[in-house]
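This is target20.tsv. It holds TSV, C-alpha atoms.
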```
chain	number	residue	atom	x	y	z
A	1	MET	CA	7.11	-5.03	-19.17
A	2	SER	CA	7.92	-7.94	-16.90
A	3	THR	CA	6.46	-9.59	-13.85
A	4	LEU	CA	8.15	-9.86	-10.49
A	5	PRO	CA	10.44	-12.81	-9.88
A	6	GLY	CA	9.10	-15.77	-7.97
A	7	ASN	CA	11.87	-15.55	-5.39
A	8	TRP	CA	11.80	-11.84	-4.58
A	9	GLU	CA	13.37	-10.92	-1.28
A	10	VAL	CA	11.59	-11.40	2.04
A	11	GLN	CA	10.44	-7.99	3.19
A	12	SER	CA	11.51	-6.38	6.45
A	13	THR	CA	10.42	-3.13	8.05
A	14	ALA	CA	13.94	-2.72	9.44
A	15	ARG	CA	15.67	-2.46	6.06
A	16	PRO	CA	14.93	-0.78	2.75
A	17	PRO	CA	13.76	-2.75	-0.30
A	18	LEU	CA	16.64	-4.12	-2.35
A	19	PHE	CA	17.17	-3.03	-5.96
A	20	ASN	CA	19.29	-5.44	-8.00
A	21	GLY	CA	18.86	-3.83	-11.41
A	22	HIS	CA	15.42	-5.27	-12.17
A	23	TYR	CA	11.83	-4.09	-11.55
A	24	TYR	CA	12.82	-0.48	-10.90
A	25	SER	CA	9.25	0.87	-10.79
A	26	TRP	CA	8.38	-1.70	-8.12
A	27	TRP	CA	11.48	-0.82	-6.08
A	28	LYS	CA	10.95	2.92	-6.46
A	29	ASN	CA	7.42	2.85	-5.09
A	30	LYS	CA	8.45	0.65	-2.17
A	31	MET	CA	11.45	2.89	-1.41
A	32	ILE	CA	9.21	5.97	-1.38
A	33	ASP	CA	6.90	4.24	1.11
A	34	HIS	CA	9.87	3.13	3.21
A	35	ILE	CA	11.49	6.57	3.41
A	36	GLN	CA	8.21	8.35	4.11
A	37	GLY	CA	7.41	5.78	6.79
A	38	GLU	CA	10.75	6.38	8.48
A	39	ASP	CA	10.49	10.17	8.44
A	40	TYR	CA	8.27	12.09	6.05
A	41	GLU	CA	10.69	15.04	6.01
A	42	LEU	CA	13.32	12.73	4.52
A	43	TRP	CA	11.29	12.52	1.33
A	44	ASP	CA	11.44	16.33	1.01
A	45	ILE	CA	15.22	16.05	1.22
A	46	VAL	CA	15.26	13.38	-1.52
A	47	THR	CA	13.06	15.39	-3.88
A	48	ASP	CA	14.29	18.93	-3.07
A	49	GLY	CA	17.81	18.44	-1.71
A	50	PRO	CA	19.11	19.59	1.68
A	51	LEU	CA	18.89	23.23	0.51
A	52	ALA	CA	20.83	25.98	2.27
A	53	THR	CA	24.00	24.74	0.58
A	54	LEU	CA	25.08	28.10	-0.82
A	55	ARG	CA	26.07	31.46	0.67
A	56	LYS	CA	27.05	34.83	-0.75
A	57	ASN	CA	30.73	35.63	-0.51
A	58	THR	CA	32.10	39.14	-0.11
A	59	GLU	CA	31.73	39.72	-3.84
A	60	GLY	CA	28.08	38.68	-3.82
A	61	VAL	CA	28.72	35.37	-5.59
A	62	ASP	CA	27.04	32.14	-4.49
A	63	VAL	CA	29.59	29.67	-3.10
A	64	PRO	CA	29.12	26.35	-1.26
A	65	LYS	CA	28.69	26.65	2.48
A	66	ILE	CA	31.22	25.07	4.78
A	67	ARG	CA	30.27	23.60	8.14
A	68	ALA	CA	31.20	26.80	9.98
A	69	ASP	CA	28.65	28.72	7.88
A	70	CYS	CA	25.77	26.41	8.76
A	71	ASN	CA	23.16	27.28	11.35
A	72	ALA	CA	21.13	24.75	13.34
A	73	GLU	CA	18.48	24.45	10.62
A	74	ASP	CA	21.14	23.84	7.97
A	75	LEU	CA	22.75	21.12	10.07
A	76	LYS	CA	19.36	19.48	10.65
A	77	LYS	CA	18.79	19.29	6.90
A	78	TRP	CA	22.23	17.83	6.30
A	79	MET	CA	21.56	15.21	8.99
A	80	LYS	CA	18.31	14.36	7.19
A	81	ASN	CA	20.25	14.16	3.92
A	82	ALA	CA	22.71	11.70	5.48
A	83	LYS	CA	19.87	9.53	6.75
A	84	ALA	CA	18.06	9.59	3.38
A	85	LYS	CA	21.31	8.71	1.62
A	86	LYS	CA	21.82	5.79	4.02
A	87	TRP	CA	18.42	4.31	3.16
A	88	LEU	CA	19.03	4.73	-0.57
A	89	VAL	CA	22.50	3.21	-0.71
A	90	CYS	CA	21.53	0.34	1.62
A	91	GLY	CA	18.80	-0.54	-0.87
A	92	LEU	CA	21.20	-0.92	-3.81
A	93	GLY	CA	23.09	-3.91	-5.14
A	94	PRO	CA	26.81	-3.63	-6.07
A	95	ASP	CA	26.28	-2.63	-9.72
A	96	GLU	CA	23.74	0.05	-8.85
A	97	TYR	CA	25.90	1.37	-6.01
A	98	ASN	CA	28.84	1.80	-8.38
A	99	ILE	CA	26.76	4.29	-10.38
A	100	ILE	CA	26.16	6.64	-7.44
A	101	GLN	CA	29.02	5.98	-5.01
A	102	CYS	CA	30.74	9.33	-5.66
A	103	TYR	CA	27.64	11.38	-4.74
A	104	SER	CA	26.82	12.60	-1.24
A	105	ILE	CA	23.45	14.28	-1.76
A	106	ALA	CA	20.36	12.06	-1.61
A	107	LYS	CA	18.59	14.05	-4.36
A	108	GLN	CA	21.53	13.50	-6.73
A	109	ILE	CA	21.47	9.76	-6.03
A	110	TRP	CA	17.71	9.54	-6.59
A	111	ASP	CA	17.83	11.60	-9.81
A	112	ILE	CA	20.71	9.53	-11.22
A	113	LEU	CA	18.86	6.29	-10.50
A	114	GLN	CA	15.77	7.76	-12.17
A	115	VAL	CA	17.63	8.66	-15.35
A	116	ALA	CA	19.60	5.39	-15.40
A	117	ASN	CA	16.48	3.25	-15.06
A	118	GLU	CA	13.65	5.32	-16.50
A	119	GLY	CA	15.52	7.58	-18.90
A	120	THR	CA	15.03	11.19	-19.91
A	121	THR	CA	11.67	12.82	-20.61
A	122	ARG	CA	11.92	11.93	-24.29
A	123	VAL	CA	12.76	8.30	-23.52
A	124	ASN	CA	9.95	8.14	-20.99
A	125	ARG	CA	7.49	9.48	-23.55
A	126	SER	CA	8.47	6.75	-26.00
A	127	LYS	CA	8.35	4.12	-23.29
A	128	GLY	CA	4.94	5.36	-22.17
A	129	THR	CA	3.61	5.11	-25.72
A	130	LEU	CA	4.88	1.53	-26.01
A	131	LEU	CA	3.45	0.51	-22.63
A	132	TYR	CA	0.09	2.10	-23.43
A	133	SER	CA	-0.04	0.14	-26.67
A	134	GLN	CA	0.57	-3.02	-24.62
A	135	TYR	CA	-2.23	-1.93	-22.28
A	136	GLU	CA	-4.66	-1.32	-25.14
A	137	ASN	CA	-3.87	-4.72	-26.68
A	138	PHE	CA	-3.66	-6.61	-23.39
A	139	VAL	CA	-4.84	-10.22	-23.58
A	140	MET	CA	-4.71	-13.24	-21.33
A	141	LYS	CA	-1.89	-15.64	-22.23
A	142	ASP	CA	-2.40	-19.34	-22.94
A	143	GLY	CA	-2.12	-21.36	-19.75
A	144	GLU	CA	-2.27	-18.24	-17.58
A	145	THR	CA	-4.55	-18.17	-14.53
A	146	ILE	CA	-6.83	-15.23	-13.88
A	147	GLN	CA	-4.68	-14.26	-10.88
A	148	GLU	CA	-1.48	-14.34	-12.96
A	149	MET	CA	-3.17	-12.33	-15.69
A	150	TYR	CA	-4.43	-9.70	-13.24
A	151	THR	CA	-1.01	-9.41	-11.57
A	152	ARG	CA	0.62	-8.83	-14.96
A	153	PHE	CA	-2.07	-6.29	-15.84
A	154	THR	CA	-1.59	-4.42	-12.55
A	155	ILE	CA	2.19	-4.23	-13.01
A	156	LEU	CA	1.64	-2.77	-16.49
A	157	ALA	CA	-0.77	-0.15	-15.12
A	158	ASN	CA	1.69	0.72	-12.34
A	159	GLU	CA	4.54	1.17	-14.84
A	160	LEU	CA	2.35	3.55	-16.81
A	161	ARG	CA	1.56	5.41	-13.60
A	162	SER	CA	5.28	5.75	-12.78
A	163	LEU	CA	5.69	7.47	-16.17
A	164	GLY	CA	2.89	9.90	-15.40
A	165	ARG	CA	0.17	8.13	-17.41
A	166	ILE	CA	-2.49	7.39	-14.83
A	167	ILE	CA	-5.37	5.12	-15.84
A	168	PRO	CA	-8.41	5.47	-13.56
A	169	GLU	CA	-9.29	2.35	-11.58
A	170	GLU	CA	-12.79	2.16	-13.05
A	171	ASP	CA	-11.29	2.07	-16.56
A	172	ARG	CA	-8.92	-0.76	-15.58
A	173	VAL	CA	-11.75	-2.77	-14.04
A	174	GLU	CA	-13.99	-2.19	-17.07
A	175	LYS	CA	-11.22	-3.33	-19.40
A	176	ILE	CA	-10.70	-6.60	-17.52
A	177	LEU	CA	-14.36	-7.42	-16.94
A	178	ALA	CA	-15.84	-6.21	-20.22
A	179	ARG	CA	-13.04	-6.79	-22.73
A	180	VAL	CA	-10.24	-9.12	-21.62
A	181	LEU	CA	-12.09	-11.86	-19.72
A	182	PRO	CA	-15.11	-12.26	-22.06
A	183	ILE	CA	-12.88	-12.55	-25.15
A	184	THR	CA	-10.50	-14.95	-23.39
A	185	LEU	CA	-13.23	-17.20	-22.00
A	186	LYS	CA	-15.02	-17.26	-25.34
A	187	ALA	CA	-11.81	-18.19	-27.18
A	188	ARG	CA	-11.02	-20.96	-24.72
A	189	SER	CA	-14.49	-22.45	-24.97
A	190	LEU	CA	-14.65	-22.47	-28.78
A	191	PRO	CA	-12.90	-25.86	-29.28
A	192	PHE	CA	-15.36	-27.56	-26.96
A	193	ARG	CA	-18.39	-26.00	-28.62
A	194	SER	CA	-17.10	-26.95	-32.06
A	195	GLN	CA	-16.64	-30.55	-30.95
A	196	ARG	CA	-20.23	-30.70	-29.72
A	197	THR	CA	-21.52	-29.48	-33.08
A	198	LEU	CA	-19.66	-32.14	-35.04
A	199	PRO	CA	-21.95	-34.85	-36.44
A	200	LEU	CA	-21.66	-38.29	-34.87
A	201	SER	CA	-19.65	-40.83	-36.86
A	202	HIS	CA	-21.57	-43.73	-38.42
```
Could you write out this structure as structure tokens?
Amino acid sequence: MSTLPGNWEVQSTARPPLFNGHYYSWWKNKMIDHIQGEDYELWDIVTDGPLATLRKNTEGVDVPKIRADCNAEDLKKWMKNAKAKKWLVCGLGPDEYNIIQCYSIAKQIWDILQVANEGTTRVNRSKGTLLYSQYENFVMKDGETIQEMYTRFTILANELRSLGRIIPEEDRVEKILARVLPITLKARSLPFRSQRTLPLSH
């Protein structure tokens, strides 16, 4: 688990968030918000595909539709697919684009990015176990401010959420206020208390 870089890109409502191979969970959530904000139906295309891509031939076998087979609703969905694809590919750096450049369906692009950066279900389960262990043993680092600590804690909780392990907000707050901060503040004050209890030199 890592924190965001100090020089992350300046945000713009006119362009999608940029993914350069790092902080995928952060990028994924921002891309979802961006696509839904542009057109909520686009997100259905990303998660479900453009649909209506097959037809029955004369032998009753499903075959891909060609443009001549498409009705107005089919064409609308393919237009939505093209727009969703545009937002996805415009949000990728060169290395990430190379992974998906041969695909034309937004759902395929999204799924490939998911697997490449979050792994399969089995990998995600292992990653979730590791992250939850980090959550359970979370402590404030030496020299870290409370704001830096809370940012790091929030990123960890969000990564767990992206893997389907949702920790209720009240539990997160209780952990910080009742467990992390008291232990940290006590540990940091111990040297000063011990100095005050030392006998004066004669």
Option closest in space to A:Tyr40, from A:Ala84, A:Lys65, A:Asn117, A:Tyr24 [counting all atoms listed in the file]: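 For A:Tyr40, the nearest of the given residues is A:Ala84.
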Skipping near chain neighbours, those fewer than 5 positions away, what residues fall within 9 Å of A:Trp26 using only C-alpha atoms, listed as an MDAnalysis selection string? chainID A and resid 4 31 155 158:159
Report, in Å with one decimal, the straight-line distance from atom CA of A:Leu131 to atom CA of A:Trp110. 23.3 Å
Grab the atom CA of A:Tyr150 to atom CA of A:His34 distance for me, in Å with one decimal place. 25.3 Å
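The space separating atom CA of A:Leu18 from atom CA of A:Arg172 comes to 29.0 Å.
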Which residues are close to stretch 75-82 of chain A, i.e. within 7 Å by all atoms listed in the file, leaving aside same-chain residues fewer than 6 positions away? Reply as a PDB file with C-alpha atoms, in the coordinates of the input.
```pdb
ATOM      1  CA  LEU A  42      13.320  12.730   4.520  1.00  0.00           C
ATOM      2  CA  ILE A  45      15.220  16.050   1.220  1.00  0.00           C
ATOM      3  CA  PRO A  50      19.110  19.590   1.680  1.00  0.00           C
ATOM      4  CA  ILE A 105      23.450  14.280  -1.760  1.00  0.00           C
ATOM      5  CA  ALA A 106      20.360  12.060  -1.610  1.00  0.00           C
TER       6      ALA A 106
END
```
Can you sort out the box for stretch 57-72 of chain A, edges along x, y and z, all listed atoms in, 3 Å on every side, with centre and edge lengths in Å to one decimal, as AutoDock Vina command-line options?
```
--center_x 26.6 --center_y 31.7 --center_z 3.9 --size_x 17.0 --size_y 22.1 --size_z 24.9
```
Go through A:Leu54, A:Ala68, A:Ile109, A:Gly49 and flag the residue nearest A:Gly91, using all atoms listed in the file for the distances.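 Selected residue with least distance to A:Gly91: A:Ile109.
Residue nearest A:Pro182 within the list A:Val139, A:Ser133, A:Glu170, A:Ser25: A:Val139 [criterion: smallest interatomic distance, all atoms listed in the file].
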List the spatial neighbours of A:Glu38 as a VMD selection string - criterion: any atom at most 12 Å away, all atoms listed in the file, same-chain residues fewer than 6 positions off excluded. chain A and resid 13 to 16 31 to 32 80 83 to 84 86 to 87
Contacts of A:Leu160 at 10 Å or less, counting only C-alpha atoms, minus same-chain residues fewer than 5 places along, as JSON, numbers by chain? {"A": [25, 124, 127, 128, 129, 130, 131, 132, 135, 154, 155, 165, 166, 167]}
When you get a chance, write out N, CA and C atoms for stretch 49-83 of chain A, as a short mmCIF file (atom, residue, chain, number, x, y, z; two decimals), in the frame of the given file.
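That gives us rebuild20.cif:
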```cif
data_model
loop_
_atom_site.label_atom_id
_atom_site.label_comp_id
_atom_site.auth_asym_id
_atom_site.auth_seq_id
_atom_site.Cartn_x
_atom_site.Cartn_y
_atom_site.Cartn_z
N GLY A 49 16.44 18.22 -2.14
CA GLY A 49 17.81 18.44 -1.71
C GLY A 49 17.85 19.03 -0.31
N PRO A 50 19.02 19.06 0.32
CA PRO A 50 19.11 19.59 1.68
C PRO A 50 18.96 21.10 1.75
N LEU A 51 19.03 21.78 0.58
CA LEU A 51 18.89 23.23 0.51
C LEU A 51 19.97 23.93 1.34
N ALA A 52 19.90 25.20 1.45
CA ALA A 52 20.83 25.98 2.27
C ALA A 52 22.27 25.54 2.08
N THR A 53 22.63 25.22 0.83
CA THR A 53 24.00 24.74 0.58
C THR A 53 24.89 25.84 0.02
N LEU A 54 24.31 27.00 -0.25
CA LEU A 54 25.08 28.10 -0.82
C LEU A 54 25.03 29.33 0.09
N ARG A 55 26.04 30.18 -0.03
CA ARG A 55 26.07 31.46 0.67
C ARG A 55 26.70 32.49 -0.26
N LYS A 56 26.46 33.74 0.03
CA LYS A 56 27.05 34.83 -0.75
C LYS A 56 28.42 35.16 -0.15
N ASN A 57 29.42 35.20 -1.01
CA ASN A 57 30.73 35.63 -0.51
C ASN A 57 30.81 37.15 -0.52
N THR A 58 31.96 37.68 -0.21
CA THR A 58 32.10 39.14 -0.11
C THR A 58 31.86 39.86 -1.43
N GLU A 59 31.96 39.13 -2.52
CA GLU A 59 31.73 39.72 -3.84
C GLU A 59 30.30 39.49 -4.33
N GLY A 60 29.47 38.91 -3.45
CA GLY A 60 28.08 38.68 -3.82
C GLY A 60 27.85 37.47 -4.69
N VAL A 61 28.83 36.58 -4.77
CA VAL A 61 28.72 35.37 -5.59
C VAL A 61 28.34 34.19 -4.71
N ASP A 62 27.44 33.33 -5.23
CA ASP A 62 27.04 32.14 -4.49
C ASP A 62 28.19 31.13 -4.47
N VAL A 63 28.55 30.70 -3.27
CA VAL A 63 29.59 29.67 -3.10
C VAL A 63 29.07 28.63 -2.12
N PRO A 64 29.59 27.38 -2.19
CA PRO A 64 29.12 26.35 -1.26
C PRO A 64 29.42 26.73 0.19
N LYS A 65 28.48 26.43 1.06
CA LYS A 65 28.69 26.65 2.48
C LYS A 65 29.66 25.61 3.03
N ILE A 66 30.44 26.02 4.00
CA ILE A 66 31.22 25.07 4.78
C ILE A 66 30.51 24.88 6.12
N ARG A 67 30.96 23.91 6.90
CA ARG A 67 30.27 23.60 8.14
C ARG A 67 30.16 24.82 9.07
N ALA A 68 31.21 25.64 9.09
CA ALA A 68 31.20 26.80 9.98
C ALA A 68 30.12 27.82 9.59
N ASP A 69 29.68 27.78 8.34
CA ASP A 69 28.65 28.72 7.88
C ASP A 69 27.24 28.25 8.21
N CYS A 70 27.10 27.00 8.60
CA CYS A 70 25.77 26.41 8.76
C CYS A 70 25.17 26.75 10.12
N ASN A 71 23.89 27.09 10.09
CA ASN A 71 23.16 27.28 11.35
C ASN A 71 22.50 25.97 11.75
N ALA A 72 21.73 25.98 12.83
CA ALA A 72 21.13 24.75 13.34
C ALA A 72 20.18 24.13 12.33
N GLU A 73 19.43 24.97 11.61
CA GLU A 73 18.48 24.45 10.62
C GLU A 73 19.22 23.82 9.45
N ASP A 74 20.33 24.43 9.04
CA ASP A 74 21.14 23.84 7.97
C ASP A 74 21.66 22.47 8.38
N LEU A 75 22.19 22.38 9.59
CA LEU A 75 22.75 21.12 10.07
C LEU A 75 21.67 20.04 10.18
N LYS A 76 20.46 20.44 10.57
CA LYS A 76 19.36 19.48 10.65
C LYS A 76 19.06 18.90 9.27
N LYS A 77 19.07 19.76 8.26
CA LYS A 77 18.79 19.29 6.90
C LYS A 77 19.90 18.38 6.39
N TRP A 78 21.15 18.69 6.73
CA TRP A 78 22.23 17.83 6.30
C TRP A 78 22.20 16.48 7.01
N MET A 79 21.74 16.48 8.28
CA MET A 79 21.56 15.21 8.99
C MET A 79 20.47 14.39 8.31
N LYS A 80 19.39 15.04 7.91
CA LYS A 80 18.31 14.36 7.19
C LYS A 80 18.83 13.82 5.85
N ASN A 81 19.67 14.60 5.19
CA ASN A 81 20.25 14.16 3.92
C ASN A 81 21.08 12.89 4.13
N ALA A 82 21.88 12.87 5.20
CA ALA A 82 22.71 11.70 5.48
C ALA A 82 21.85 10.47 5.75
N LYS A 83 20.75 10.65 6.45
CA LYS A 83 19.87 9.53 6.75
C LYS A 83 19.17 9.02 5.48
#
```
